[in-house]
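> Quick one: the structure is below, and I'll ask about it shortly.
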Amino acid sequence: MSSNWTVNDLKKWDDKICEIAKNYGLDWYPISYEICDYYEMIGHMAYHGMPSHYNHWSYGKSFERTHFYYNAGMEGLPYELIINSNPSIAYLMMQNDFYLQVLIMAHCVGHSDFFKNNRCFKNTDAKYAVSKMRNAKKRIQGYIEDPLIGQEKVENFLDELHTVRFQTQRYNIPRKSFNEIRREEIIKFNKMKKSGKLPADDEFYYNILSSDNKLLRPDHDLLSFLIEYKKDWQTWQIDLLEIVRDESLYFIPQIKTKILNEGWASFWHYKILHDLDLDDMYHIPFMKMHNAVIRPHVGKINPYHVGFYIFKKLEKEQGLERCFEVRELHDDVSAIRLFLDEEDFRELNLFSYENKRNGDVIISEVSDHDDWKIVRNDLIRNIGINAIPHIFVDRIGQSGKLILKHEHDGRDLDLTYANKAVESIQKIWGSDGVKLYTIVEEEVWEV
Amino acid sequence: MSIFKKHNTNADRSATDRRRHKEKIEKAIKEGIKDIVAEESIIGQDGKKKIKIPVRGIKEYRFVYGSNESNKQVGSAPGKDIKKGQKIKSGKSNKKMPGNKAGNTAGEEFYEVEITLDELAKYLFDDLSLPDLKKRTNSSILSEKIKRKGYRTKGIRPRLSKKETIKNKIRRQKKAERNGTYDPESDERFTFHENDLKYKHIEITKKPITNAVIFFIMDVSGSMTKNKKFLARSFFFLLYQFIRYRYHNTETVFISHTTEAKEVNEDEFFKKASTGGTHISSGLTKSLNIIEERYSPSSWNIYAFHCSDGENWSEDNEKAKNAMSNLINISQLSGYVQIKGKNESHWGEEMADVFAPLVQDNFKILKIHGKDDIWTEFARLFGGKYEL
């Protein structure tokens with residue numbers, strides 16, 4: 001096994017870490033560390049650390065890619081991998097040095113605390129996350145082995161679903177079903193009738209009163225929409241739709257809080273390691289590693305860097321208490337909006353850049369007095385769920401055609417990819433057809 | 001306070017998904033083949049050369065932002081003095097700015113696979129086989145043959161015979177019922193036992209098969225444009241790879257002709273260009289002569305393929321037809337491959353029409369209009385299992 005530690009060492013130091021963390025008021029799920037080698041680590045990474053996950057070739061591809069880059073020395077492996085579950089499962093690579101394991105364990109306590117307390121994670125069912133995925137895997141395996149369904153159908157359907165996997169509830173606003181919308185509209189209708197203010201065009205209300213399954217309001221949750229409004233699903237297909245959607249709903253909070261989550265974990269590993277009073281032989285490599293983790297990356301955004309900066313600043317200006325509050329209430333977007341000002345943007349030396357048509361990359365704004373807000377807005381558009389284009393169902397057109405719209409915010413879609421994605425939705429929706437409206441170079445574009 | 005576990009059991013958990021991924025790549029290679037066979041650079045190369053294949057269909061599509069100018073991104077510039085309007089990457093240089101790849105743009109995925117020509121041949125031809133290799137004397141070629149041979153109690157899972165296994169189980173169940181140890185009316189299931197398992201057994205036998213010689217005949221006259229020659233080369237390249245892969249000891253003869261034919265080596269065949277008129281018959285007659293000299297039909301399996309653009313000097317048509325007819329009579333399989341644009345007009349009678357009456361089981365006329373046809377026509381020639 002590894003060079004300079006035993007599991008007992010880890011246990012001893014874990015106890016110390018836990019005690020310090022507890023005294024600070026951190027409140028995390030119990031953590032279950034699994035010690036694995038690099039090969040197993042790559043395996044776990046392919047499935048986002050989930051100890052059990054349904055099979056799909058894309059995870060094999062993900063493995064091959066990581067393995068290739070790792071072997072070619074082009075990429076290192078992440079030192080920590082921890083999942084949002086109760087207990088939290090984290091992986092420790094055997095090859096890691098002792099000081100690194102201690103750092104990772106302290107870091108994981110921060111993550112687990114974040115999972116347990118941040119508002120965004122309230123609906124992620126941490127207790128059942130692992131068993132839910134295990135059961136999903138079993139059911140999907142069952143469909144694959146079912147002679148009436150089989151591998152090909154399951155795989156193809158998953159292919160299509162993965163294309164739109166994140167086109168579901170992004171803002172935690174509960175979605176309304178057809179019946180709920182209809183009831184609301186009927187109440188509205190009756191009110192209007194009572195007051196004698198019926199609108200001249202009553203077709204809309206005719207639609208509501210007829211039991212037909214029309215889409216009355218745009219639906220911003222494509223996957224749920226498909227489950228509800230397409231009528232000829234087979235049970236296994238609905239199950240797959242739900243499995244994919246639920247997995248996205250499980251991961252979206254992590255996407256939305258990447259900066260704060262990593263910042264919080266780094267903030268705590270730094271604090272805890274400081275309090276641990278490590279020997280110099282451990283403390284110096286630890287400081288080196290810490291600085292490497294939170295260093296800014298030239299030309300991109302390092303979430304560890306920005307997140308650590310935010311919490312350090314909050315602690316200095318508003319106290320530790322406030323840090324706990326922020327980790328509970330905020331996500332990346334709101335934290336950047338509220339806590340980073342002009343001075344911070346200049347300190348972080350953030351800039352916006354554009355890709356010119358001729359291939360040049362030009363700095364369009366730097367964080368100076370005039371432009372820092374532009375840089376901030378550009379940053380916000382590129383983080384978390386905002387980095388994924390938002391496609392919603394506008395209506396069901398004549399003859400059942402599905403009309404989708406892209407919520408255009410100035411950024412155009414990649415059309416090759418959009419075409420393929422629409423093809424996938426078409427396969428899911430069926431022969432009635434699908435149309436997507438977006439904007440390309442300031443003109444309406446149909447895909 | 002935390003829990004520590006060593007060594008999880010699902011060590012190679014992604015094995016299944018990797019296998020599926022690999023299968024998809026292989027399939028994509030087969031589908032992408034028409035782009036590969038027309039790649040000039042691979043023609044005439046040896047089997048160890050690696051080629052890059054653009055593999056489609058294993059890309060994972062989703063909605064992403066493009067890289068147009070309004071899609072601005074943000075980065076940090078630690079310790080650097082930066083100015084508005086500063087160019088951080090020039091479109092002219094290929095150097096990428098480190099970390100310029102944002103996670104939300106499409107970007108390049110690794111979907112180019114590098115394989116050797118031998119591997120390519122394996123993917124392509126494993127399911128085809130040269131038809132009708134009649135046994136003739138002087139056998140010197142060994143071929144492997146896989147034959148089913150009964151059942152065994154041990155084996156690998158893919159060879160599990162469900163039918164035999166269930167038969168065993170039923171046998172055992174009936175016996176148990178007779179002995180009274182199992183009551184079929186009860187709710188208890190009669191489960192499979194390890195001893196029920198039966199596996200198909202296969203045996204690989206090496207069989208001597210006969211000699212084969214392949215004639216590649218190509219019209220290199222002036223009317224064969226560069227593009228057509230290129231297509232002909234691609235088609236022959238496929239044939240050549242196929243034969244080289246499957247029949248290591250097969251001999252090949254290359255004949256290029258204008259009004260006169262001559263035997264050339266492989267390199268010359270694919271690379272040399274000549275000008276002049278066309279006598280299709282010349283190439284065919286030359287083959288017949290060579291057969292007479294070196295490859296007696298009684299001991300050799302003869303395969304002959306002729307590639308041309310269908311233009312022939314009309315006085316030669318009858319002669320060509322006769323020569324082809326003679327060649328068909330002594331060949332296992334022969335083919336005439338006409339390479340011609342769809343809307344291209346022609347002088348006089350097309351050779352495909354001249355040869356049409358000769359079409360039979362061992363003579364096929366293939367028409368290639370563009371590079372998309374190469375693989376389909378090739379597959380059609382050898383059983384046509386792959387309709388892509």
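Naming works like this for the structure tokens: A, B, ... for the chains as they're shown, residue 1 at the start of each chain, ligands 1 onward in shown order.
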Pull the helix (DSSP H, G or I) assignments for segment 160-350 of chain A out of DSSP run on the backbone, and list those residues as a ChimeraX atom specification.
/A:160-163,178-194,203-209,222-229,235-256,258-275,280-293,303-318,320-329,332-339,342-348
> Restrict the selected residues to C-alpha atoms and save them as a compact mmCIF listing (two decimals), in the first residue's frame.

# COMPACT_ATOMS: atom_id res chain seq x y z
CA GLU A 160 -32.01 10.66 -26.58
CA LEU A 161 -32.76 11.45 -22.95
CA HIS A 162 -29.17 12.30 -22.12
CA THR A 163 -29.27 14.91 -24.86
CA PHE A 178 -52.18 20.26 -16.48
CA ASN A 179 -54.95 19.76 -13.94
CA GLU A 180 -53.52 22.33 -11.56
CA ILE A 181 -53.20 24.93 -14.28
CA ARG A 182 -56.66 24.12 -15.50
CA ARG A 183 -58.19 24.53 -12.06
CA GLU A 184 -56.52 27.91 -11.65
CA GLU A 185 -57.77 29.04 -15.01
CA ILE A 186 -61.30 27.88 -14.29
CA ILE A 187 -61.34 29.85 -11.06
CA LYS A 188 -60.13 32.86 -12.97
CA PHE A 189 -62.78 32.26 -15.60
CA ASN A 190 -65.56 32.00 -13.03
CA LYS A 191 -64.45 35.21 -11.39
CA MET A 192 -64.56 37.00 -14.68
CA LYS A 193 -67.94 35.54 -15.43
CA LYS A 194 -69.31 36.74 -12.11
CA GLU A 203 -61.30 30.25 -27.42
CA PHE A 204 -58.66 29.98 -24.75
CA TYR A 205 -61.29 29.31 -22.14
CA TYR A 206 -63.07 26.92 -24.36
CA ASN A 207 -59.83 24.97 -24.49
CA ILE A 208 -59.59 24.96 -20.74
CA LEU A 209 -63.09 23.71 -20.24
CA LEU A 222 -39.18 19.66 -20.74
CA LEU A 223 -38.65 16.21 -19.23
CA SER A 224 -41.64 16.43 -16.92
CA PHE A 225 -43.68 17.86 -19.75
CA LEU A 226 -42.86 14.85 -21.89
CA ILE A 227 -43.85 12.48 -19.14
CA GLU A 228 -47.17 14.19 -18.65
CA TYR A 229 -48.24 15.19 -22.14
CA THR A 235 -44.09 1.97 -18.48
CA TRP A 236 -40.38 1.38 -18.88
CA GLN A 237 -40.03 4.57 -20.90
CA ILE A 238 -41.70 6.66 -18.21
CA ASP A 239 -39.41 5.02 -15.70
CA LEU A 240 -36.34 5.95 -17.74
CA LEU A 241 -37.59 9.51 -18.18
CA GLU A 242 -38.07 9.81 -14.45
CA ILE A 243 -34.73 8.25 -13.63
CA VAL A 244 -32.88 10.66 -15.91
CA ARG A 245 -34.86 13.66 -14.69
CA ASP A 246 -34.43 12.77 -11.03
CA GLU A 247 -30.72 12.33 -11.49
CA SER A 248 -30.51 15.80 -13.03
CA LEU A 249 -32.54 17.26 -10.19
CA TYR A 250 -30.10 15.60 -7.85
CA PHE A 251 -27.07 17.09 -9.59
CA ILE A 252 -28.39 20.55 -10.50
CA PRO A 253 -27.88 21.91 -6.95
CA GLN A 254 -24.22 20.91 -7.21
CA ILE A 255 -23.94 22.63 -10.56
CA LYS A 256 -25.48 25.76 -9.07
CA LYS A 258 -19.87 24.71 -7.44
CA ILE A 259 -18.05 27.89 -6.41
CA LEU A 260 -19.56 28.21 -2.95
CA ASN A 261 -19.29 24.49 -2.26
CA GLU A 262 -15.62 24.30 -3.19
CA GLY A 263 -14.98 27.62 -1.50
CA TRP A 264 -16.59 26.41 1.70
CA ALA A 265 -14.68 23.12 1.67
CA SER A 266 -11.39 24.92 0.99
CA PHE A 267 -12.16 27.50 3.65
CA TRP A 268 -12.57 24.68 6.15
CA HIS A 269 -9.69 22.48 5.18
CA TYR A 270 -7.53 25.57 5.57
CA LYS A 271 -8.93 26.41 8.96
CA ILE A 272 -8.92 22.87 10.30
CA LEU A 273 -5.44 22.05 9.08
CA HIS A 274 -4.25 25.22 10.71
CA ASP A 275 -5.78 24.16 14.02
CA ASP A 280 6.37 21.09 9.58
CA MET A 281 7.06 18.04 7.43
CA TYR A 282 3.32 17.86 6.81
CA HIS A 283 2.43 21.51 7.15
CA ILE A 284 4.70 22.78 4.39
CA PRO A 285 3.51 20.37 1.69
CA PHE A 286 -0.01 21.08 2.88
CA MET A 287 0.42 24.82 2.40
CA LYS A 288 1.89 24.17 -1.02
CA MET A 289 -1.03 21.99 -1.97
CA HIS A 290 -3.56 24.44 -0.60
CA ASN A 291 -2.05 27.24 -2.62
CA ALA A 292 -2.10 25.09 -5.73
CA VAL A 293 -5.76 24.26 -5.19
CA PRO A 303 -14.17 27.77 -8.49
CA TYR A 304 -11.87 26.99 -5.56
CA HIS A 305 -10.17 30.33 -6.04
CA VAL A 306 -13.32 32.45 -6.26
CA GLY A 307 -15.17 30.50 -3.57
CA PHE A 308 -12.31 30.66 -1.11
CA TYR A 309 -12.00 34.36 -1.78
CA ILE A 310 -15.68 34.95 -1.04
CA PHE A 311 -15.65 33.17 2.31
CA LYS A 312 -12.34 34.70 3.35
CA LYS A 313 -13.74 38.12 2.61
CA LEU A 314 -16.98 37.44 4.45
CA GLU A 315 -15.17 36.15 7.48
CA LYS A 316 -12.97 39.22 7.61
CA GLU A 317 -15.71 41.76 7.09
CA GLN A 318 -18.76 40.16 8.67
CA LEU A 320 -17.75 33.56 10.86
CA GLU A 321 -21.40 33.55 11.82
CA ARG A 322 -22.23 35.27 8.55
CA CYS A 323 -20.24 32.64 6.61
CA PHE A 324 -22.47 29.93 8.00
CA GLU A 325 -25.49 31.92 6.97
CA VAL A 326 -24.22 32.34 3.43
CA ARG A 327 -23.44 28.64 3.07
CA GLU A 328 -27.03 27.97 4.05
CA LEU A 329 -28.87 30.52 1.95
CA ASP A 332 -23.10 30.96 -6.77
CA VAL A 333 -25.14 33.53 -8.63
CA SER A 334 -26.61 35.25 -5.61
CA ALA A 335 -23.30 35.17 -3.74
CA ILE A 336 -21.38 36.76 -6.59
CA ARG A 337 -24.06 39.41 -6.99
CA LEU A 338 -24.18 40.28 -3.32
CA PHE A 339 -20.68 39.84 -2.00
CA GLU A 342 -15.74 46.45 -7.87
CA GLU A 343 -12.70 46.16 -5.68
CA ASP A 344 -13.00 42.39 -5.54
CA PHE A 345 -13.33 42.09 -9.26
CA ARG A 346 -10.20 44.13 -9.67
CA GLU A 347 -8.44 42.07 -7.02
CA LEU A 348 -9.45 38.83 -8.74
> Which chain B residues are at most 6 Å from chain A (counting only C-alpha atoms), as a count of residues only?
38
> Any chance you could list, as an MDAnalysis selection string, the residues in segment 267-372 of chain B that come up strand (DSSP E) when DSSP is run on the backbone?
chainID B and resid 300:308 333:339 363:368
